[in-house]
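Q: Have a look at this one before I ask anything.
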Amino acid sequence: MTEIFTRIEHSRTADEVVQQIESLILEGVLRTGDRLPGERELARQFEVSRPILRDALKALEARGLLVTRHGGGTFVADVIGQVFSRPVIELISSHRKAAADYLEYRREMEGVAAEYAARRATADDLALLEEIMARMDTAYRADDFEAEAEVDVEFHHAVGECAHNIILLHTLRSCYRLLSEDVFQNRLLVFALPGAREMLLEQHRAIHSAIVAGDPAAARKAAMDHIAYVERTTAEAERAGDWQRVSRLRLRQRTEPGPQQKD
């Protein structure tokens, strides 16, 4: 991990170390599963004694923000983006209407995120978005649906980060977590529709271009148009899937020999 921690000025307690690590987690710099540097290196970066550092890490672990794996180091705990509890996630996954409501919510929130990103994105934010877009192009050219779906989510994560709003960041991350956990089993259906992959790529490019141009209105519209398209094509893909299922059953019923036809 590159050095993201800064020197603590004249600290005699662990409080400032705790606050700095908390802020990095809250602002999405440190993500779930990220490993912290070793104790010696971390103490060097903070310029604090190792006893003070140990006190800070113990406090953060007690709060459930860090976990220590025996012989494996210290990691950010699985706390980021957990707006939905496990029982709620299970309810969402078992009710079809939730998928439509999910996309409706994303359409509005991602419009806001893109608008803020166009206003607030830094040069480093734009460099990260550019790198993600390059990987999206690579996945598209390779016809790799899984890779496209993964980088799609990563792109939206990055736009949320560019918005520089902590509450928006974590509510959106919670939404994307539902995708990564396959709560919506149909998330790859859209990529299989004719022309959809090309359209999705162009929509992501439009969002990216508007953010780079610093055009909040265009960014918001591009993001909302993108999710509206996903809403329409998801419904279309589901209908097509139902048609195929029914047609397959009809064919089987009418062509396979029934019990009365067997010898």
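Going through the structure tokens in order, the chains are called A, B, and so on, while each chain numbers its residues from 1 and the ligands are numbered from 1 in the order shown.
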Can you list, as number ranges by chain, every protein, DNA or RNA residue that comes within 6 Å of segment 116-132 of chain A when you count only C-alpha atoms, leaving out same-chain residues fewer than 2 positions away?

A: A: 113-114, 134-135, 162-163, 211, 214-216

Q: List the neighbours of Val67 of chain A out to 8 Å using only C-alpha atoms; skip same-chain residues closer than 6 positions along the sequence, and give me the result as a PyMOL selection string.

A: chain A and resi 61+74-77

Q: Grab the residues selected above and save them as an mmCIF file, in the first residue's frame with C-alpha atoms.

A:
data_model
loop_
_atom_site.group_PDB
_atom_site.id
_atom_site.type_symbol
_atom_site.label_atom_id
_atom_site.label_comp_id
_atom_site.auth_asym_id
_atom_site.auth_seq_id
_atom_site.Cartn_x
_atom_site.Cartn_y
_atom_site.Cartn_z
ATOM 1 C CA GLU A 61 -10.632 -3.247 16.472
ATOM 2 C CA THR A 74 -4.523 -6.043 10.239
ATOM 3 C CA PHE A 75 -7.352 -5.396 7.776
ATOM 4 C CA VAL A 76 -10.294 -3.042 7.335
ATOM 5 C CA ALA A 77 -13.370 -4.856 8.593
#

Q: Leaving out Asp78 of chain A and any residue of its chain fewer than 6 positions from it, which residues lie within 10 Å of it when counting only C-alpha atoms, given as a list in words?

A: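 Answer for this query is Arg31, Thr32, Gly33, Asp34, Gly64, Leu65, Leu66 and Val67 of chain A.
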
Q: Give the strand (DSSP E or B) residues of segment 16-227 of chain A, as assigned by DSSP on the backbone, as a PyMOL selection string.

A: chain A and resi 35+66-69+73-76

Q: Suppose we keep all heavy atoms; can you now write the selection as a short mmCIF file (atom, residue, chain, number, x, y, z; two decimals), in the first residue's frame?

A:
data_model
loop_
_atom_site.label_atom_id
_atom_site.label_comp_id
_atom_site.auth_asym_id
_atom_site.auth_seq_id
_atom_site.Cartn_x
_atom_site.Cartn_y
_atom_site.Cartn_z
N ARG A 35 -5.46 -4.19 3.58
CA ARG A 35 -4.51 -4.52 4.65
C ARG A 35 -3.69 -3.29 5.02
O ARG A 35 -3.15 -2.61 4.14
CB ARG A 35 -3.58 -5.65 4.19
CG ARG A 35 -2.56 -6.07 5.25
CD ARG A 35 -1.75 -7.25 4.78
NE ARG A 35 -0.79 -7.64 5.79
CZ ARG A 35 -0.01 -8.72 5.70
NH1 ARG A 35 -0.10 -9.50 4.63
NH2 ARG A 35 0.84 -9.02 6.67
N LEU A 66 -11.56 -2.54 12.40
CA LEU A 66 -10.41 -3.32 11.95
C LEU A 66 -10.52 -4.73 12.48
O LEU A 66 -11.15 -4.99 13.50
CB LEU A 66 -9.09 -2.69 12.44
CG LEU A 66 -8.74 -1.29 11.97
CD1 LEU A 66 -7.41 -0.85 12.58
CD2 LEU A 66 -8.67 -1.20 10.44
N VAL A 67 -9.90 -5.66 11.76
CA VAL A 67 -9.80 -7.05 12.23
C VAL A 67 -8.35 -7.49 12.11
O VAL A 67 -7.66 -7.13 11.15
CB VAL A 67 -10.71 -8.01 11.44
CG1 VAL A 67 -12.16 -7.73 11.72
CG2 VAL A 67 -10.43 -7.92 9.94
N THR A 68 -7.89 -8.24 13.07
CA THR A 68 -6.53 -8.77 13.05
C THR A 68 -6.59 -10.27 12.80
O THR A 68 -7.32 -10.99 13.51
CB THR A 68 -5.80 -8.49 14.38
OG1 THR A 68 -5.74 -7.09 14.58
CG2 THR A 68 -4.38 -9.05 14.34
N ARG A 69 -5.86 -10.71 11.80
CA ARG A 69 -5.81 -12.14 11.49
C ARG A 69 -4.48 -12.68 11.99
O ARG A 69 -3.43 -12.13 11.65
CB ARG A 69 -5.96 -12.38 9.99
CG ARG A 69 -7.29 -11.86 9.45
CD ARG A 69 -7.35 -11.93 7.94
NE ARG A 69 -8.55 -11.26 7.44
CZ ARG A 69 -8.75 -10.94 6.17
NH1 ARG A 69 -7.81 -11.22 5.27
NH2 ARG A 69 -9.85 -10.33 5.80
N GLY A 73 -1.82 -10.12 9.63
CA GLY A 73 -1.86 -8.67 9.59
C GLY A 73 -3.20 -8.10 10.02
O GLY A 73 -4.09 -8.80 10.49
N THR A 74 -3.32 -6.78 9.84
CA THR A 74 -4.52 -6.04 10.24
C THR A 74 -5.24 -5.53 9.00
O THR A 74 -4.61 -4.95 8.11
CB THR A 74 -4.14 -4.86 11.15
OG1 THR A 74 -3.47 -5.36 12.31
CG2 THR A 74 -5.38 -4.09 11.59
N PHE A 75 -6.56 -5.72 8.96
CA PHE A 75 -7.35 -5.40 7.78
C PHE A 75 -8.56 -4.53 8.15
O PHE A 75 -9.03 -4.58 9.28
CB PHE A 75 -7.85 -6.68 7.11
CG PHE A 75 -6.76 -7.59 6.62
CD1 PHE A 75 -6.10 -8.43 7.50
CD2 PHE A 75 -6.39 -7.60 5.28
CE1 PHE A 75 -5.09 -9.27 7.06
CE2 PHE A 75 -5.38 -8.43 4.82
CZ PHE A 75 -4.73 -9.27 5.72
N VAL A 76 -9.04 -3.79 7.15
CA VAL A 76 -10.29 -3.04 7.33
C VAL A 76 -11.44 -4.04 7.39
O VAL A 76 -11.55 -4.93 6.53
CB VAL A 76 -10.52 -2.04 6.18
CG1 VAL A 76 -11.85 -1.32 6.35
CG2 VAL A 76 -9.37 -1.04 6.11
#

Q: Tell me, which residues of segment 5-246 of chain A carry DSSP alpha helix (DSSP H), written as an NGL selection string?

A: :A and (15-26 or 39-46 or 50-62 or 86-94 or 96-120 or 123-141 or 145-162 or 166-180 or 189-192 or 196-212 or 216-246)

Q: So what do you get for atom CA of Glu148 of chain A versus atom CA of Met136 of chain A, distance-wise?

A: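 Rounded to one decimal, the two atoms are 6.2 Å apart.
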
Q: Could you tell me how far atom CA of Ile52 of chain A lies from atom CA of Ala14 of chain A, in Å and to one decimal?

A: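 Separating atom CA of Ile52 of chain A from atom CA of Ala14 of chain A is a distance of 5.2 Å.
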
Q: Give me the residues of segment 94-128 of chain A that have any atom at most 12 Å from an atom of segment 186-201 of chain A; for each, the nearest atom pair and the distance in Å, rounded to one decimal. Use only C-alpha atoms, sort by chain and number, and format it as a Markdown table.

A:
| residue | atom | partner | partner_atom | distance |
| --- | --- | --- | --- | --- |
| A:Arg96 | CA | A:Asn186 | CA | 10.9 |
| A:Ala99 | CA | A:Asn186 | CA | 9.5 |
| A:Ala100 | CA | A:Asn186 | CA | 11.8 |
| A:Leu103 | CA | A:Arg187 | CA | 11.2 |

Q: What's around Phe155 of chain A at 8 Å? Count only C-alpha atoms, leave out sequence neighbours fewer than 2 positions away in its own chain, and write the answer as a PyMOL selection string.

A: chain A and resi 129+132-133+151-153+157-159

Q: Quick one: write out the picked residues with N, CA and C atoms as a PDB file, in the first residue's frame?

A:
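Saved the output as selection09.pdb:
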ATOM      1  N   LEU A 129     -10.806   7.520 -13.065  1.00  0.00           N
ATOM      2  CA  LEU A 129     -11.900   7.260 -13.996  1.00  0.00           C
ATOM      3  C   LEU A 129     -11.380   6.882 -15.377  1.00  0.00           C
ATOM      4  N   ILE A 132     -10.231   3.296 -15.341  1.00  0.00           N
ATOM      5  CA  ILE A 132     -11.371   2.377 -15.323  1.00  0.00           C
ATOM      6  C   ILE A 132     -12.019   2.297 -16.706  1.00  0.00           C
ATOM      7  N   MET A 133     -12.138   3.438 -17.380  1.00  0.00           N
ATOM      8  CA  MET A 133     -12.703   3.432 -18.733  1.00  0.00           C
ATOM      9  C   MET A 133     -11.842   2.612 -19.688  1.00  0.00           C
ATOM     10  N   VAL A 151     -16.408  -4.272 -14.079  1.00  0.00           N
ATOM     11  CA  VAL A 151     -15.851  -2.924 -14.257  1.00  0.00           C
ATOM     12  C   VAL A 151     -16.974  -1.889 -14.320  1.00  0.00           C
ATOM     13  N   ASP A 152     -18.160  -2.306 -14.748  1.00  0.00           N
ATOM     14  CA  ASP A 152     -19.334  -1.434 -14.718  1.00  0.00           C
ATOM     15  C   ASP A 152     -19.587  -0.961 -13.285  1.00  0.00           C
ATOM     16  N   VAL A 153     -19.624  -1.908 -12.341  1.00  0.00           N
ATOM     17  CA  VAL A 153     -19.846  -1.557 -10.934  1.00  0.00           C
ATOM     18  C   VAL A 153     -18.708  -0.689 -10.413  1.00  0.00           C
ATOM     19  N   HIS A 157     -18.855   2.988  -8.686  1.00  0.00           N
ATOM     20  CA  HIS A 157     -18.184   3.229  -7.406  1.00  0.00           C
ATOM     21  C   HIS A 157     -17.341   4.497  -7.498  1.00  0.00           C
ATOM     22  N   ALA A 158     -16.543   4.581  -8.555  1.00  0.00           N
ATOM     23  CA  ALA A 158     -15.608   5.701  -8.710  1.00  0.00           C
ATOM     24  C   ALA A 158     -16.343   7.027  -8.873  1.00  0.00           C
ATOM     25  N   VAL A 159     -17.441   7.016  -9.619  1.00  0.00           N
ATOM     26  CA  VAL A 159     -18.227   8.250  -9.769  1.00  0.00           C
ATOM     27  C   VAL A 159     -18.740   8.695  -8.405  1.00  0.00           C
TER      28      VAL A 159
END

Q: Compare A:Leu30, A:Val18, A:Ile167, A:Val83 by their minimum atom-to-atom distance to Ala59 of chain A, counting only C-alpha atoms, and give me the closest one.

A: A:Val18

Q: Hey, can you check how far atom CA of Ala210 of chain A sits from atom CA of Leu178 of chain A?

A: 26.9 Å

Q: Residues within 10 Å of Gln20 of chain A, please, as an mmCIF file with N, CA, C and O atoms, in the first residue's frame. Count only C-alpha atoms; anything in the same chain fewer than 5 positions from it doesn't count.

A:
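Resulting contents of part_33.cif:
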data_model
loop_
_atom_site.group_PDB
_atom_site.id
_atom_site.type_symbol
_atom_site.label_atom_id
_atom_site.label_comp_id
_atom_site.auth_asym_id
_atom_site.auth_seq_id
_atom_site.Cartn_x
_atom_site.Cartn_y
_atom_site.Cartn_z
ATOM 1 N N PHE A 5 -1.065 7.608 5.011
ATOM 2 C CA PHE A 5 -1.163 8.115 6.369
ATOM 3 C C PHE A 5 -0.207 9.290 6.525
ATOM 4 O O PHE A 5 0.854 9.333 5.906
ATOM 5 N N THR A 6 -0.585 10.257 7.359
ATOM 6 C CA THR A 6 0.238 11.453 7.529
ATOM 7 C C THR A 6 0.764 11.556 8.950
ATOM 8 O O THR A 6 0.180 11.018 9.898
ATOM 9 N N ILE A 8 1.631 12.489 12.593
ATOM 10 C CA ILE A 8 0.875 13.032 13.711
ATOM 11 C C ILE A 8 1.755 14.031 14.451
ATOM 12 O O ILE A 8 2.887 13.724 14.832
ATOM 13 N N ASP A 15 -5.429 8.943 20.150
ATOM 14 C CA ASP A 15 -6.656 9.515 19.591
ATOM 15 C C ASP A 15 -6.501 10.013 18.162
ATOM 16 O O ASP A 15 -7.362 9.785 17.315
ATOM 17 N N ILE A 25 -11.394 5.465 6.426
ATOM 18 C CA ILE A 25 -12.432 4.460 6.192
ATOM 19 C C ILE A 25 -13.739 5.140 5.782
ATOM 20 O O ILE A 25 -14.391 4.746 4.810
ATOM 21 N N LEU A 26 -14.113 6.174 6.517
ATOM 22 C CA LEU A 26 -15.372 6.873 6.245
ATOM 23 C C LEU A 26 -15.388 7.486 4.851
ATOM 24 O O LEU A 26 -16.411 7.467 4.155
ATOM 25 N N PHE A 46 3.126 7.421 10.728
ATOM 26 C CA PHE A 46 2.455 8.331 11.658
ATOM 27 C C PHE A 46 3.445 9.121 12.514
ATOM 28 O O PHE A 46 3.084 10.140 13.101
#
